[in-house]
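Content type compact mmCIF, C-alpha atoms, from the file protein_19.txt:
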```txt
# COMPACT_ATOMS: atom_id res chain seq x y z
CA MET A 1 15.32 14.52 14.56
CA ILE A 2 13.19 13.19 11.71
CA CYS A 3 14.51 13.88 8.22
CA ILE A 4 14.56 11.50 5.23
CA ASN A 5 15.75 11.91 1.63
CA VAL A 6 14.45 10.07 -1.43
CA GLU A 7 16.77 10.22 -4.45
CA ASN A 8 14.15 9.19 -7.02
CA ILE A 9 10.84 11.01 -6.58
CA VAL A 10 8.97 9.11 -9.34
CA PRO A 11 8.03 5.91 -7.38
CA LEU A 12 6.74 7.97 -4.45
CA THR A 13 4.66 10.13 -6.81
CA LYS A 14 3.19 7.03 -8.49
CA ALA A 15 2.33 5.48 -5.11
CA ALA A 16 0.60 8.67 -3.94
CA SER A 17 -1.38 8.73 -7.18
CA MET A 18 -2.57 5.13 -6.67
CA LEU A 19 -3.49 5.76 -3.03
CA SER A 20 -5.51 8.82 -4.04
CA GLU A 21 -7.99 6.41 -5.68
CA ILE A 22 -8.98 5.02 -2.29
CA GLY A 23 -8.27 7.63 0.38
CA ARG A 24 -8.50 11.28 1.32
CA GLU A 25 -6.07 11.23 4.25
CA VAL A 26 -2.96 9.19 5.00
CA CYS A 27 -0.88 8.51 8.07
CA LEU A 28 2.86 9.02 7.59
CA LYS A 29 4.59 6.81 10.13
CA PHE A 30 8.30 7.22 10.85
CA SER A 31 10.36 4.67 12.78
CA PRO A 32 14.13 4.03 13.01
CA THR A 33 13.80 1.11 10.57
CA MET A 34 11.06 2.10 8.10
CA PHE A 35 8.71 4.74 6.73
CA THR A 36 5.10 3.86 5.92
CA ILE A 37 2.17 5.64 4.27
CA THR A 38 -1.23 4.26 5.28
CA THR A 39 -4.78 4.88 4.09
CA LEU A 40 -7.81 3.69 6.04
CA PRO A 41 -11.16 2.27 4.91
CA SER A 42 -13.50 5.01 3.75
CA PRO A 43 -16.77 5.47 5.66
CA SER A 44 -19.91 3.89 4.18
CA PRO A 45 -21.50 7.21 3.10
CA SER A 46 -18.37 7.95 1.04
CA PRO A 47 -18.98 8.23 -2.76
CA SER A 48 -16.36 5.49 -3.34
CA PRO A 49 -16.36 3.29 -0.23
CA HIS A 50 -13.72 0.60 0.10
CA LYS A 51 -13.29 -2.00 2.79
CA PHE A 52 -9.54 -2.27 3.21
CA SER A 53 -6.41 -0.44 4.34
CA ALA A 54 -3.41 0.14 2.06
CA ILE A 55 0.10 0.51 3.49
CA LEU A 56 3.13 1.56 1.42
CA ILE A 57 6.20 0.12 3.19
CA LEU A 58 9.63 1.70 2.61
CA PRO A 59 12.54 0.33 4.68
CA SER A 60 15.28 2.73 5.77
CA SER A 61 17.62 1.17 3.18
CA SER A 62 15.38 2.63 0.43
CA PHE A 63 16.52 6.18 1.25
CA ALA A 64 19.65 8.12 0.34
CA ASN A 65 19.60 9.58 3.84
CA TYR A 66 17.48 8.36 6.74
CA SER A 67 17.68 10.17 10.08
CA VAL A 68 14.86 9.00 12.36
CA ASP A 69 15.64 8.65 16.04
CA ARG A 70 12.14 7.78 17.36
CA ASN A 71 8.68 6.62 16.35
CA HIS A 72 6.30 9.29 15.11
CA SER A 73 2.95 9.28 13.27
CA SER A 74 1.35 12.25 11.49
CA LYS A 75 -1.83 12.42 9.43
CA VAL A 76 -1.92 14.65 6.33
CA SER A 77 -4.29 15.39 3.48
CA LEU A 78 -3.51 12.96 0.66
CA ARG A 79 -4.59 15.50 -1.96
CA SER A 80 -2.18 18.09 -0.56
CA PHE A 81 0.64 15.52 -0.39
CA GLN A 82 -0.02 14.32 -3.96
CA ASN A 83 -0.28 17.88 -5.33
CA ALA A 84 3.04 18.80 -3.70
CA LEU A 85 4.72 15.77 -5.31
CA LEU A 86 3.21 16.53 -8.72
CA GLN A 87 4.34 20.15 -8.58
CA GLY A 88 7.85 19.01 -7.70
CA ARG A 89 8.06 16.22 -10.29
CA ARG A 90 10.65 18.07 -12.43
CA PHE A 91 13.08 17.72 -9.51
CA SER A 92 15.09 14.54 -9.02
CA SER A 93 14.89 14.08 -5.24
CA ILE A 94 12.91 15.09 -2.17
CA THR A 95 13.71 15.62 1.51
CA ILE A 96 10.89 15.15 4.05
CA HIS A 97 11.53 17.00 7.31
CA LEU A 98 9.23 16.98 10.33
CA LEU A 99 8.78 20.46 11.87
CA GLU A 100 7.17 19.18 15.05
CA PRO A 101 6.96 22.45 17.04
CA LEU A 102 5.20 24.11 14.08
CA ASN A 103 2.89 21.13 13.40
CA ARG A 104 4.14 21.07 9.80
CA LEU A 105 5.78 18.67 7.38
CA LEU A 106 8.37 20.31 5.12
CA LEU A 107 8.94 18.87 1.63
CA ARG A 108 12.10 20.13 -0.11
CA PHE A 109 12.74 19.30 -3.75
CA HIS A 110 16.25 19.13 -5.20
CA LEU A 111 17.86 18.90 -8.63
CA HIS A 112 20.66 16.43 -9.31
CA PRO A 113 24.09 18.15 -8.92
CA SER A 114 24.70 17.75 -12.66
CA GLU A 115 21.44 19.62 -13.36
CA SER A 116 21.65 22.30 -10.68
CA ASN A 117 21.89 25.97 -11.43
CA SER A 118 22.91 28.51 -8.81
CA ALA A 119 20.05 30.72 -10.01
CA GLN A 120 17.54 27.91 -9.60
CA PRO A 121 15.37 28.60 -6.51
CA LEU A 122 14.75 25.80 -4.02
CA HIS A 123 11.26 24.35 -4.41
CA TYR A 124 9.42 23.41 -1.22
CA HIS A 125 6.00 22.78 0.30
CA GLU A 126 4.72 22.81 3.87
CA LEU A 127 1.87 20.47 4.79
CA GLU A 128 -0.33 20.86 7.85
CA LEU A 129 -0.36 17.89 10.24
CA LEU A 130 -3.88 16.71 11.12
CA PRO A 131 -5.16 15.26 14.44
CA LEU A 132 -4.71 11.51 14.88
CA GLU A 133 -7.44 10.81 17.44
CA ASP A 134 -9.56 8.70 15.07
CA TRP A 135 -6.67 6.82 13.44
CA LYS A 136 -5.97 3.17 14.24
CA ASP A 137 -2.85 1.39 13.01
CA PRO A 138 -3.88 -1.66 10.90
CA ALA A 139 -2.65 -5.08 11.99
CA ARG A 140 0.71 -6.23 10.61
CA ILE A 141 1.98 -9.65 9.63
CA ARG A 142 5.23 -11.56 9.38
CA LEU A 143 6.01 -11.98 5.70
CA ASN A 144 7.56 -15.41 6.36
CA GLN A 145 4.36 -16.97 7.73
CA LYS A 146 2.16 -19.39 5.77
CA HIS A 147 1.07 -17.82 2.48
CA PHE A 148 0.67 -18.42 -1.23
CA SER A 149 1.54 -16.28 -4.23
CA ILE A 150 0.47 -16.03 -7.86
CA ASP A 151 1.82 -14.31 -10.97
CA SER A 152 0.74 -10.67 -11.12
CA GLN A 153 -0.64 -11.02 -14.66
CA CYS A 154 -2.74 -13.97 -13.51
CA PHE A 155 -4.06 -11.83 -10.64
CA LYS A 156 -4.80 -9.03 -13.12
CA ARG A 157 -6.90 -11.41 -15.26
CA ILE A 158 -8.80 -12.55 -12.15
CA ILE A 159 -9.60 -8.94 -11.22
CA GLN A 160 -10.68 -8.09 -14.77
CA THR A 161 -12.91 -11.18 -14.95
CA PHE A 162 -14.53 -10.77 -11.53
CA SER A 163 -15.01 -7.01 -11.80
CA LEU A 164 -17.68 -7.78 -14.42
CA TYR A 165 -19.84 -9.02 -11.53
CA ASP A 166 -19.18 -6.08 -9.20
CA ASN A 167 -22.85 -5.08 -9.24
CA GLN A 168 -23.92 -8.51 -7.99
CA THR A 169 -21.47 -8.96 -5.11
CA SER A 170 -19.07 -6.97 -2.96
CA SER A 171 -16.25 -9.47 -2.51
CA ILE A 172 -14.26 -12.38 -3.91
CA SER A 173 -14.04 -15.61 -1.90
CA ILE A 174 -10.58 -17.23 -1.76
CA ILE A 175 -10.22 -20.80 -0.48
CA SER A 176 -6.76 -22.37 -0.21
CA LYS A 177 -6.50 -26.08 0.55
CA GLY A 178 -3.49 -28.33 0.17
CA THR A 179 -1.65 -27.16 -2.95
CA SER A 180 -4.52 -25.39 -4.73
CA VAL A 181 -6.41 -22.14 -4.33
CA THR A 182 -9.84 -21.18 -5.66
CA PHE A 183 -11.05 -17.65 -6.39
CA SER A 184 -14.82 -17.34 -6.80
CA ILE A 185 -17.84 -15.10 -7.00
CA LEU A 186 -20.54 -17.75 -6.88
CA PRO A 187 -22.62 -18.49 -8.80
CA PHE A 188 -21.09 -16.22 -11.45
CA ALA A 189 -17.44 -17.31 -11.80
CA GLU A 190 -14.80 -19.60 -10.30
CA ILE A 191 -11.06 -19.95 -11.02
CA THR A 192 -8.86 -22.68 -9.45
CA LEU A 193 -5.05 -22.53 -9.50
CA SER A 194 -2.74 -25.47 -8.77
CA GLU A 195 0.83 -25.52 -7.49
CA GLU A 196 1.48 -28.74 -9.44
CA LEU A 197 0.70 -26.87 -12.67
CA GLY A 198 2.92 -23.94 -11.69
CA GLN A 199 -0.04 -21.57 -11.31
CA CYS A 200 0.60 -20.71 -7.65
CA SER A 201 3.25 -21.24 -4.97
CA PHE A 202 2.86 -22.02 -1.25
CA ARG A 203 5.38 -21.04 1.46
CA GLY A 204 5.59 -21.40 5.23
CA GLU A 205 4.19 -23.93 7.69
CA GLU A 206 1.28 -26.17 6.78
CA GLU A 207 -2.16 -24.84 7.64
CA ASP A 208 -5.73 -26.12 7.48
CA GLU A 209 -8.11 -24.90 4.81
CA VAL A 210 -8.31 -21.11 4.72
CA ASP A 211 -11.42 -19.25 3.55
CA ILE A 212 -11.03 -15.47 3.19
CA LYS A 213 -12.75 -12.67 1.30
CA ILE A 214 -11.32 -9.60 -0.45
CA ASN A 215 -13.02 -6.55 -1.91
CA ILE A 216 -11.84 -5.51 -5.40
CA ASN A 217 -13.45 -2.10 -5.63
CA PRO A 218 -11.98 -0.08 -7.26
CA ALA A 219 -10.61 -2.65 -9.71
CA SER A 220 -8.38 0.00 -11.33
CA PHE A 221 -6.43 0.34 -8.05
CA PHE A 222 -5.55 -3.38 -7.95
CA ILE A 223 -4.75 -3.51 -11.67
CA SER A 224 -2.36 -0.56 -11.23
CA LEU A 225 -0.63 -2.42 -8.38
CA ALA A 226 -0.40 -5.63 -10.43
CA ASN A 227 1.31 -3.69 -13.23
CA GLN A 228 4.09 -2.66 -10.81
CA VAL A 229 5.10 -6.13 -9.58
CA GLN A 230 5.85 -9.68 -10.75
CA ARG A 231 3.96 -11.62 -8.06
CA VAL A 232 1.17 -11.06 -5.52
CA SER A 233 1.20 -12.82 -2.12
CA PHE A 234 -1.83 -13.69 0.05
CA PHE A 235 -1.71 -14.09 3.84
CA HIS A 236 -4.21 -14.94 6.54
CA LYS A 237 -4.04 -13.82 10.16
CA ASN A 238 -6.42 -15.17 12.78
CA ASN A 239 -6.15 -14.63 16.53
CA ASP A 240 -8.39 -13.80 19.47
CA ASP A 241 -9.00 -10.18 18.49
CA SER A 242 -8.61 -10.11 14.70
CA HIS A 243 -9.36 -12.09 11.55
CA ILE A 244 -7.62 -10.47 8.61
CA ALA A 245 -6.83 -11.27 4.98
CA ILE A 246 -3.73 -9.59 3.55
CA MET A 247 -2.36 -9.12 0.06
CA TYR A 248 1.24 -8.02 -0.49
CA PHE A 249 2.71 -6.46 -3.65
CA PRO A 250 6.56 -6.44 -3.38
CA PHE A 251 8.02 -3.57 -5.43
CA GLY A 252 11.72 -4.21 -4.89
CA GLY A 253 12.67 -7.01 -2.50
CA GLU A 254 10.36 -8.50 0.12
CA SER A 255 10.58 -5.53 2.50
CA HIS A 256 9.55 -2.80 0.02
CA GLY A 257 5.98 -2.91 -1.25
CA MET A 258 2.27 -2.26 -0.81
CA LEU A 259 0.32 -4.21 1.81
CA ILE A 260 -3.48 -4.41 1.61
CA SER A 261 -5.38 -5.44 4.77
CA PHE A 262 -8.97 -6.74 4.59
CA PRO A 263 -10.79 -7.13 7.95
CA GLN A 264 -12.93 -10.30 7.85
CA ILE A 265 -16.45 -10.38 9.27
```
Show the structure stored in the file as structure tokens.
Amino acid sequence: MICINVENIVPLTKAASMLSEIGREVCLKFSPTMFTITTLPSPSPSPSPHKFSAILILPSSSFANYSVDRNHSSKVSLRSFQNALLQGRRFSSITIHLLEPLNRLLLRFHLHPSESNSAQPLHYHELELLPLEDWKDPARIRLNQKHFSIDSQCFKRIIQTFSLYDNQTSSISIISKGTSVTFSILPFAEITLSEELGQCSFRGEEEDEVDIKININPASFFISLANQVQRVSFFHKNNDDSHIAIMYFPFGGESHGMLISFPQI
């Protein structure tokens, strides 16, 4: 059985709205411990191509009721999912129920008991599940590994400054060394932050110099994320089969947030 209930529909609606800036389809992944919503990089011919994956992470503790007894992944149209949430925004909670034999996802919207009226009809939507053949789960990280974080308003200023040069370059270079980190789009702009000055914070085991690149298009997507959190964390994962830069925006506790994965060339 796969059935989950969200008491407050507003954060989920806001997240779907932000994801709609960068994706047309999402994978809804259910597991006994968490629920995730993932977009994938858009193809190059897309009108608004982006070079990263975005993953909304919601642990089981985030839900009023969470009944998931196995792993399951389903792909749905993001526009259909967002429209269903917007049409149900006057309701206070939502139940998401997988109708596997029918290849459907059922969204039921509920009023709070204090607002309910026996004459009020139940509002619901059914979404068609799409094939998953071309979907690949992005790499994950351990949030306790070596990383650094900066204040979200500082990150917002960096995005606003560097987005002025979006026509000249496609990515921002980030180099962390010792207790400082430098963001740059050379030769146009460079910003260095120091832990000694309280501008950034390093956690985890020591690591050699790290040089990664992130894409900030569309800038409005990252600014919207920065407005939802207090700090932004940056991770780096490098093994035999992957080299990935990751940004993490914690919404409420370390296990609830938006993870952005940037494959490195």
Pick out the closest residue to A:Ile37 from this set: A:Phe81, A:Phe235, A:Phe221, A:Phe249. Count only C-alpha atoms.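 Checking each candidate against A:Ile37, we get A:Phe81 as the closest.
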Atom CA of A:Leu105 and atom CA of A:Val68 are how many Å apart? 14.2 Å
Nearest candidate to A:Ile172 (options A:Asn227, A:Asn238, A:Thr38, A:Asn217; using all atoms listed in the file):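 Once distances to A:Ile172 are computed over all atoms listed in the file, the minimum belongs to A:Asn217.
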Which distance in Å separates atom CA of A:His243 and atom CA of A:Leu132, to one decimal?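 Taking atom CA of A:His243 and atom CA of A:Leu132, their separation equals 24.3 Å.
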Grab the atom CA of A:Lys51 to atom CA of A:Ile159 distance for me, in Å with one decimal place. 16.1 Å
Kindly list the centre and edge lengths in Å, rounded to one decimal, for the axis-aligned box that covers all listed atoms of stretch 78-90 of chain A plus 6 Å on each of its six sides, as AutoDock Vina command-line options.
```
--center_x 3.0 --center_y 16.6 --center_z -5.9 --size_x 27.2 --size_y 19.2 --size_z 25.1
```
Selection: 7 Å around A:Thr192, all atoms listed in the file, excl. self and same-chain fewer than 3 positions, as an MDAnalysis selection string: chainID A and resid 180:183
Within-10 Å shell of (-5.8, -5.2, 3.4) in input frame, all atoms listed in the file, as a list in words: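 The answer, in the requested form, is Leu40, Pro41, Lys51, Phe52, Ser53, Ala54, Ile55, Pro138, Ala139, Arg140, Ile214, Asn215, Phe234, Phe235, Ile244, Ala245, Ile246, Met247, Tyr248, Met258, Leu259, Ile260, Ser261, Phe262, Pro263 and Gln264 of chain A.
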When you count all atoms listed in the file, which of these residues is closest to A:Ile94: A:Ile150, A:Val10, A:Leu78, A:Ile22?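 Of the candidates, the smallest distance to A:Ile94 is held by A:Val10.
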Close residues, A:Leu193 itself excluded, 12 Å, all atoms listed in the file, min 2 positions apart in chain, as a list in words: Phe148, Ser149, Ile150, Asp151, Cys154, Phe155, Ile158, Ile174, Ile175, Ser176, Lys177, Gly178, Thr179, Ser180, Val181, Thr182, Phe183, Ser184, Glu190, Ile191, Glu195, Glu196, Leu197, Gly198, Gln199, Cys200, Ser201 and Phe202 of chain A
What does the file look like for those residues with C-alpha atoms, as a JSON list (two decimals), in the coordinates of the input?
```
[["chain", "number", "residue", "atom", "x", "y", "z"],
["A", 148, "PHE", "CA", 0.67, -18.42, -1.23],
["A", 149, "SER", "CA", 1.54, -16.28, -4.23],
["A", 150, "ILE", "CA", 0.47, -16.03, -7.86],
["A", 151, "ASP", "CA", 1.82, -14.31, -10.97],
["A", 154, "CYS", "CA", -2.74, -13.97, -13.51],
["A", 155, "PHE", "CA", -4.06, -11.83, -10.64],
["A", 158, "ILE", "CA", -8.80, -12.55, -12.15],
["A", 174, "ILE", "CA", -10.58, -17.23, -1.76],
["A", 175, "ILE", "CA", -10.22, -20.80, -0.48],
["A", 176, "SER", "CA", -6.76, -22.37, -0.21],
["A", 177, "LYS", "CA", -6.50, -26.08, 0.55],
["A", 178, "GLY", "CA", -3.49, -28.33, 0.17],
["A", 179, "THR", "CA", -1.65, -27.16, -2.95],
["A", 180, "SER", "CA", -4.52, -25.39, -4.73],
["A", 181, "VAL", "CA", -6.41, -22.14, -4.33],
["A", 182, "THR", "CA", -9.84, -21.18, -5.66],
["A", 183, "PHE", "CA", -11.05, -17.65, -6.39],
["A", 184, "SER", "CA", -14.82, -17.34, -6.80],
["A", 190, "GLU", "CA", -14.80, -19.60, -10.30],
["A", 191, "ILE", "CA", -11.06, -19.95, -11.02],
["A", 195, "GLU", "CA", 0.83, -25.52, -7.49],
["A", 196, "GLU", "CA", 1.48, -28.74, -9.44],
["A", 197, "LEU", "CA", 0.70, -26.87, -12.67],
["A", 198, "GLY", "CA", 2.92, -23.94, -11.69],
["A", 199, "GLN", "CA", -0.04, -21.57, -11.31],
["A", 200, "CYS", "CA", 0.60, -20.71, -7.65],
["A", 201, "SER", "CA", 3.25, -21.24, -4.97],
["A", 202, "PHE", "CA", 2.86, -22.02, -1.25]]
```
Give me the residues near A:Pro32 as a ChimeraX atom specification, where near means some atom within 7 Å (using all atoms listed in the file) and where sequence neighbours in that chain fewer than 4 positions away do not count. /A:68-71
Excluding A:Glu128 and its own-chain neighbours fewer than 3 positions away, which residues fall within 10 Å of it when counting only C-alpha atoms? Please give them as JSON, numbers by chain. {"A": [74, 75, 76, 77, 80, 81, 99, 102, 103, 104, 105, 106, 131]}
Would you list the contacts of stretch 65-67 of chain A as a list of chain:residue names, taking every protein, DNA or RNA residue within 6 Å and counting all atoms listed in the file, but skipping same-chain residues closer than 2 positions in sequence?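 Once the adjacent positions are removed, what remains is A:Ile2, A:Cys3, A:Ile4, A:Asn5, A:Phe63.
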From A:Ile9, A:Glu126, A:Thr39, A:Gln153, residue lying nearest A:Cys27 [all atoms listed in the file]: A:Thr39
Counting only C-alpha atoms, which residue out of A:Ala15, A:Leu28, A:Val6, A:Leu86 sits closest to A:Leu225?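 Looking only at the distances to A:Leu225, the closest residue turns out to be A:Ala15.
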Residue among A:Pro59, A:Gly88, A:Gly252, A:Pro11 lying closest to A:Ser31, counting only C-alpha atoms: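 Checking each candidate against A:Ser31, we get A:Pro59 as the closest.
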